[in-house]
Structure formats: structure tokens, C-alpha cells
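Q: This structure is in C-alpha cells; I'll ask about it shortly.
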Amino acid sequence: MLGDAIHNLRASLDYLISACAIANGRTPNDTHFPIVKLKDELERRLQKDVRKAGTAAINLVRQSKPYQRGNGFLYAIHQLDLADKHRLLIAVKHTLYARISLDAFPGSAFSKSFHSTRNKRRFMPCPAGLEEYVLGAEASLTSDVVFAPKLPRAGKPCVEELHIFAKAVEKVVKLFVAAL
């Protein structure tokens with residue numbers, strides 16, 4: 001489902017350029033919303049992928065800065081979409097966050113983040129001298145699904161990142177709507 005959501009966000013940008021090409025009286029064949037790693041690559045891709053959509057669309061794509069250091073969220077969407085389509089399903093991992101509060105010592109709390117692995121136990125070290133108080137302490141456990149290492153946005157919670165990605169795409173769409 002995560003891969004589908006990311007793919008749909010990425011595809012909506014391509015649909016945007018296709019709609020601009022049709023509005024420009026051209027066929028949408030071979031039109032794409034270019035997202036590149038380096039800013040220097042953008043001009044070549046604009047002429048190849050967006051030219052049918054017209055000069056206004058080309059300028060709006062430029063304004064959206066669809067490259068890694070311009071709009072990193074668009075770049076992450078593109079890279080995650082490529083990974084999901086061409087290499088593997090988007091890998092995620094589960095992370096567990098534990099927090100223990102010791103009422104006997106106001107303001108005293110310690111916490112630890114764990115990454116779950118199959119058949120492996122994790123221990124949370126206790127600060128020296130507080131061991132006897134931990135047994136009756138209040139503990140909270142929360143967990144999350146995060147992007148796996150070696151992926152864009154590694155370690156970031158997937159659901160929150162999807163909201164950020166959606167806002168990044170929405171911002172581009174609103175830029176086009178306001179200008180065209």
C-alpha cells in the first residue's frame with residue numbers, strides 16, 4: 001500500500017504535465033514531470049519531457065525545483081517510486097520506543113529506541129542506582145513503521161512522510177492552478 005500511495009503521488013505530477021500538453025493542443029505522449037538529482041540536469045529534461053506542455057508549464061516546473069537540493073521531498077517521492085517499481089517493494093522496518101518514568105524521582109526518566117529484529121531480545125539499560133525503582137515504574141511503549149536504511153528518508157515514520165509528500169505534490173499542483 002505504501003508503494004501504491006507513493007506511486008500515485010508521483011503519477012499525479014505526470015498527469016499534470018499531460019493535462020498541460022492537451023491544453024496546449026498537443027498529444028500527451030512522451031510527456032513527464034521531470035525530477036532529477038542535480039539542478040544542471042533539469043534544462044535538458046524540460047526540453048525533452050515538458051516541451052509539448054508549453055513555455056508556461058516549463059517555467060512552472062522550474063519554479064517547483066524538482067531536484068534533490070531544490071525540493072528534496074519531490075526527489076524522495078521519485079526515488080521511492082523507482083525503487084518500488086523497478087527493484088523491490090519499499091522496505092520498511094519496525095521501531096519500538098520505550099520510556100520509563102520513575103515517580104520516586106521527579107523529572108527522572110530514561111528512554112531508548114529499539115529496532116525490532118526477528119527472534120532477538122533487546123534490553124533497556126537502567127541508570128546505575130535506580131534498578132530497584134524500575135520494577136514499579138510506569139513505562140510506555142510506542143512503535144512505528146519507518147523507511148528502511150539505504151532508502152530516501154531512512155528512519156523517518158512512513159505515515160508522517162506520506163503526509164509531507166502529499167503536501168509537496170499539492171503545492172506543485174496549486175502553483176500550476178494559480179498560474180494557468
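Chain lettering (A, B, ...) mirrors the order of the C-alpha cells, residue numbering begins at 1 for each chain separately, and ligand numbering begins at 1 in order of display.
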Near Glu170 in chain A, counting only C-alpha atoms, which residues have an atom at most 10 Å away, once you skip same-chain residues fewer than 6 positions from it, shown as a list in words?
A: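 In the requested format, the answer is Leu9, Ser12, Leu13, Ile164 and Phe176 of chain A.
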Q: Need to verify the contact set: Ala11 in chain A, 10 Å, only C-alpha atoms, exclusion of same-chain residues closer than 5 positions in sequence. Can you return it as a PDB file with C-alpha atoms, in the first residue's frame?
A:
ATOM      1  CA  ALA A   5       0.486   5.702  -2.372  1.00  0.00           C
ATOM      2  CA  ILE A   6       3.926   6.939  -3.384  1.00  0.00           C
ATOM      3  CA  LEU A  16      -0.369  17.410 -14.561  1.00  0.00           C
ATOM      4  CA  HIS A  32       6.566  13.622 -17.963  1.00  0.00           C
ATOM      5  CA  PHE A  33       7.151  15.758 -14.912  1.00  0.00           C
ATOM      6  CA  HIS A  78      10.632   9.904  -7.290  1.00  0.00           C
ATOM      7  CA  ASP A  81       8.700   5.220  -6.696  1.00  0.00           C
TER       8      ASP A  81
END
Q: Counting only C-alpha atoms, figure out which residue out of A:Leu46, A:Ala83, A:Ile22, A:Val36 gets nearest to Tyr67 in chain A.
A: A:Val36
Q: May I ask for the distance between CA of Asn71 in chain A and CA of Cys20 in chain A, given in Å to one decimal place?
A: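 It comes out at 21.4 Å.
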Q: What is the distance, in Å and to one decimal place, between CA of Leu175 in chain A and CA of Pro66 in chain A?
A: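 Going from CA of Leu175 in chain A over to CA of Pro66 in chain A covers 13.2 Å.
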Q: Choose the residue, out of A:Arg10, A:His163, A:Arg45, A:Lys39, that has the smallest atom-to-atom separation from Leu82 in chain A; count only C-alpha atoms.
A: A:Arg10
Q: So how far away is CA of Asn24 in chain A from CA of Leu38 in chain A, in Å?
A: 28.0 Å
Q: Give me the residues near Leu60 in chain A as a list in words, where near means some atom within 12 Å (using only C-alpha atoms) and where sequence neighbours in that chain fewer than 2 positions away do not count.
A: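 Here the qualifying residues turn out to be Leu13, Leu16, Ile17, Cys20, Phe33, Pro34, Leu46, Val50, Ala53, Gly54, Thr55, Ala56, Ala57, Ile58, Arg62, Gln63, Ser64, Lys65, Pro66, Lys171, Val172, Val173, Lys174, Leu175, Phe176, Val177, Ala178, Ala179 and Leu180 of chain A.
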Q: Write out as a PDB file with C-alpha atoms, in the first residue's frame each polymer residue whose atoms come within 10 Å of Asp4 in chain A, counting only C-alpha atoms; drop sequence neighbours fewer than 3 positions from it.
A:
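What landed in selection.pdb:
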ATOM      1  CA  MET A   1       0.000   0.000   0.000  1.00  0.00           C
ATOM      2  CA  HIS A   7       3.393   5.878  -6.987  1.00  0.00           C
ATOM      3  CA  ASN A   8       0.060   7.734  -7.111  1.00  0.00           C
ATOM      4  CA  LEU A   9       1.681  10.911  -5.793  1.00  0.00           C
ATOM      5  CA  ARG A  10       4.425  10.630  -8.419  1.00  0.00           C
ATOM      6  CA  ASP A  81       8.700   5.220  -6.696  1.00  0.00           C
ATOM      7  CA  ASP A  84       9.213   0.207  -5.724  1.00  0.00           C
ATOM      8  CA  LYS A  85       8.599  -0.184  -9.475  1.00  0.00           C
ATOM      9  CA  LEU A  89       8.849  -3.303  -2.737  1.00  0.00           C
ATOM     10  CA  ILE A  90       9.628  -0.372  -0.491  1.00  0.00           C
TER      11      ILE A  90
END
Q: Which residue out of A:Asp14, A:Arg26, A:Val169, A:Leu2 has the minimum interatomic distance to Val145 in chain A when only C-alpha atoms are used?
A: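 Of all the options, A:Leu2 lies closest to Val145 in chain A.
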